[in-house]
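Data first, discussion second: the structure below is written as structure tokens.
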Amino acid sequence: MSVEHRTVARDEAGMRLDRWFKTHFPALPFGHLQKLLRTGQVRVDGGRAKTNTRLAAGQKVRVPPLEKTKAEPPHPRAATAARLPLPSAERGGVRGKGDAEFLRSIILFEDDDVLVLNKPMGLAVQGGSGTVRHVDGMLGALREKDGQRPRLVHRLDKDTSGCLLVAKTRFAAAALAKTFRSRSARKIYWALVVGVPKPKQGRVSTFLARETGGERMRVARHGEEKASHAVTYYAVVDQAAQKLAWLSLKPVTGRTHQLRAHMAHIGHPIVGDEKYFDIENWELPGGMQNRLHLLARRIVIPHPRGKGEIDVTAPLPPHMQQSWSLLGFDAKQYDPIVDAPEE
């Protein structure tokens, strides 16, 4: 097998290099791809590249001989994950179901180009250290007749439930990725936080950076290395005295843990947040579960083929529904954040 130079197709524009390899060489382990990139054996238009390099139509990808990978088993995200049942916290009531059946059971919207899934709490979107069961690994079960594999368009934290957008075609993936980069997608989240923010409607604008050697994000100074600007609008929908508040959140940017870090920053951390909840001696009200109370409630995005808008809403997950019932909140009432400005 000799070196190949493959041309990036028009409907693959905007695709990450690792996703491109996953599409063309599904049996190639991710770790092996990283090694090929580090040693310069994989190149884009003659230059070195990284796994997260975004491709443009017409670019040439150098593909070295891959015959040694044929005998290797598929990456756990595509093979082992497909056979393992969800742990108890991740099952969402679907133990024993195959990947395709499970995914179809959580579809909120579907057409020829797009899927919107109601991701349950506890199910990771992508693989990581010790994670063998995740949405990305299961999407291959929904591969279309033409061989195209559905692709993730954005991500949610493992313990965040709700609307997760998936592209069914390369064309849709490229179009939706462009929409997210231009911030044309509107995302609304619901959260239960400690205390009641003042004012009841506001804007949080900070820079965020990852803590050294940790998984948490911290508020950083402007100009600090690897710090990214993050903007969130919030509005109080309802409250339980001064102890708890139901917030509607609208992130303008899409930084890692943005909503969780921003709520903790203003002194109102999200209930059940193990990473950012640091109020000492605070007691969880009786009858409530100590799980992250954060829902990707709604997503509104232009259709990739110009067919109007895709507007999808996810229901409260069971643990949040239990808390809403306990606190007397009405999930059907008006959401004040919907018309918040974009900047």
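Residues are named by chain letter and number: chains run A, B, ... in the order of the structure tokens, numbers start at 1 in each chain, and ligands are numbered from 1 in the order shown.
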Residue contacts of Val219 of chain A (8 Å, only C-alpha atoms) excluding same-chain residues fewer than 5 positions away, as an MDAnalysis selection string = chainID A and resid 206:209 261 265
request  = For Pro318 of chain A, list every protein, DNA or RNA residue within 10 Å, evaluated using only C-alpha atoms, and leave out those in the same chain fewer than 4 positions away; present the list as a ChimeraX atom specification.
outcome  = /A:92,120-121,289,322-324
The selected residues should be written to file as a CSV table (one decimal), in the first residue's frame (atoms: C-alpha atoms).
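What landed in part.csv:
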```csv
chain,number,residue,atom,x,y,z
A,92,GLY,CA,-32.0,6.6,31.2
A,120,PRO,CA,-29.8,11.9,29.1
A,121,MET,CA,-27.8,13.0,32.1
A,289,GLN,CA,-31.5,14.6,44.1
A,322,GLN,CA,-38.9,16.0,40.6
A,323,SER,CA,-37.3,19.3,41.9
A,324,TRP,CA,-39.7,21.4,39.8
```
request  = Could you give me, as a ChimeraX atom specification, the residues within 8 Å of Pro150 of chain A, counting only C-alpha atoms and dropping anything in the same chain fewer than 5 positions from it?
outcome  = /A:139-140,142-143,166-169
task = Can you work out which one of A:Gly122, A:Gly223, A:Gly98, A:Pro302 has the shortest atom-to-atom distance to Met138 of chain A, counting only C-alpha atoms?
result =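 So, comparing all the options, the nearest one is A:Gly98.
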Segment 228-241 of chain A environment, 7 Å, only C-alpha atoms, sequence neighbours closer than 6 positions dropped, as a list in words =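 The filter keeps Lys200, Gln201, Gly202, Arg203, Val204, Ser205, Thr206, Phe207, Leu208, Ala209, Leu247, Ser248, Leu249, Lys250, Pro251, Val252, Thr253, Arg255, Gln258, Leu327, Phe329, Asp335, Pro336 and Ile337 of chain A.
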Just C-alpha atoms for this one: save the residues we selected as a short mmCIF file (atom, residue, chain, number, x, y, z; two decimals), in the first residue's frame.
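Saved the output as out_4.cif:
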```cif
data_model
loop_
_atom_site.label_atom_id
_atom_site.label_comp_id
_atom_site.auth_asym_id
_atom_site.auth_seq_id
_atom_site.Cartn_x
_atom_site.Cartn_y
_atom_site.Cartn_z
CA LYS A 200 -33.00 39.26 38.20
CA GLN A 201 -31.91 39.70 34.60
CA GLY A 202 -28.30 40.31 33.72
CA ARG A 203 -25.17 39.65 31.72
CA VAL A 204 -22.03 37.84 32.83
CA SER A 205 -18.89 38.67 30.83
CA THR A 206 -15.52 37.21 31.83
CA PHE A 207 -12.47 35.50 30.44
CA LEU A 208 -12.17 31.78 31.20
CA ALA A 209 -9.11 29.54 31.30
CA LEU A 247 -32.79 30.48 35.76
CA SER A 248 -33.04 30.66 32.01
CA LEU A 249 -29.56 31.00 30.53
CA LYS A 250 -28.47 32.12 27.09
CA PRO A 251 -24.78 31.59 26.28
CA VAL A 252 -23.50 33.87 23.53
CA THR A 253 -20.18 32.07 23.40
CA ARG A 255 -16.72 27.85 26.22
CA GLN A 258 -19.19 28.29 30.67
CA LEU A 327 -40.75 23.61 44.46
CA PHE A 329 -42.45 25.56 39.47
CA ASP A 335 -39.40 32.02 29.39
CA PRO A 336 -38.01 35.59 29.72
CA ILE A 337 -34.59 34.87 28.19
#
```
request  = Mind the document's chain letters and residue numbers, and return as a VMD selection string the residues of segment 3-32 of chain A that DSSP labels alpha helix (DSSP H).
outcome  = chain A and resid 17 to 24 30 to 32
Dump of N, CA and C atoms for the selected residues, as an mmCIF file, in the first residue's frame:
```cif
data_model
loop_
_atom_site.group_PDB
_atom_site.id
_atom_site.type_symbol
_atom_site.label_atom_id
_atom_site.label_comp_id
_atom_site.auth_asym_id
_atom_site.auth_seq_id
_atom_site.Cartn_x
_atom_site.Cartn_y
_atom_site.Cartn_z
ATOM 1 N N LEU A 17 -9.836 17.429 11.165
ATOM 2 C CA LEU A 17 -9.030 16.395 10.525
ATOM 3 C C LEU A 17 -9.285 15.013 11.139
ATOM 4 N N ASP A 18 -9.435 14.935 12.469
ATOM 5 C CA ASP A 18 -9.672 13.622 13.080
ATOM 6 C C ASP A 18 -11.022 13.052 12.662
ATOM 7 N N ARG A 19 -12.026 13.929 12.479
ATOM 8 C CA ARG A 19 -13.336 13.469 12.018
ATOM 9 C C ARG A 19 -13.238 12.990 10.553
ATOM 10 N N TRP A 20 -12.431 13.690 9.768
ATOM 11 C CA TRP A 20 -12.256 13.300 8.373
ATOM 12 C C TRP A 20 -11.658 11.897 8.299
ATOM 13 N N PHE A 21 -10.657 11.630 9.123
ATOM 14 C CA PHE A 21 -10.054 10.298 9.148
ATOM 15 C C PHE A 21 -11.049 9.257 9.662
ATOM 16 N N LYS A 22 -11.870 9.629 10.642
ATOM 17 C CA LYS A 22 -12.860 8.685 11.167
ATOM 18 C C LYS A 22 -13.853 8.303 10.089
ATOM 19 N N THR A 23 -14.163 9.261 9.191
ATOM 20 C CA THR A 23 -15.093 8.989 8.096
ATOM 21 C C THR A 23 -14.478 8.087 7.034
ATOM 22 N N HIS A 24 -13.239 8.374 6.659
ATOM 23 C CA HIS A 24 -12.587 7.647 5.565
ATOM 24 C C HIS A 24 -11.902 6.360 6.013
ATOM 25 N N PHE A 30 -7.582 6.204 17.121
ATOM 26 C CA PHE A 30 -7.291 7.616 17.318
ATOM 27 C C PHE A 30 -5.844 7.813 17.762
ATOM 28 N N GLY A 31 -5.363 6.940 18.651
ATOM 29 C CA GLY A 31 -3.980 7.067 19.122
ATOM 30 C C GLY A 31 -2.965 6.907 18.002
ATOM 31 N N HIS A 32 -3.266 6.024 17.045
ATOM 32 C CA HIS A 32 -2.354 5.832 15.909
ATOM 33 C C HIS A 32 -2.351 7.068 15.012
#
```
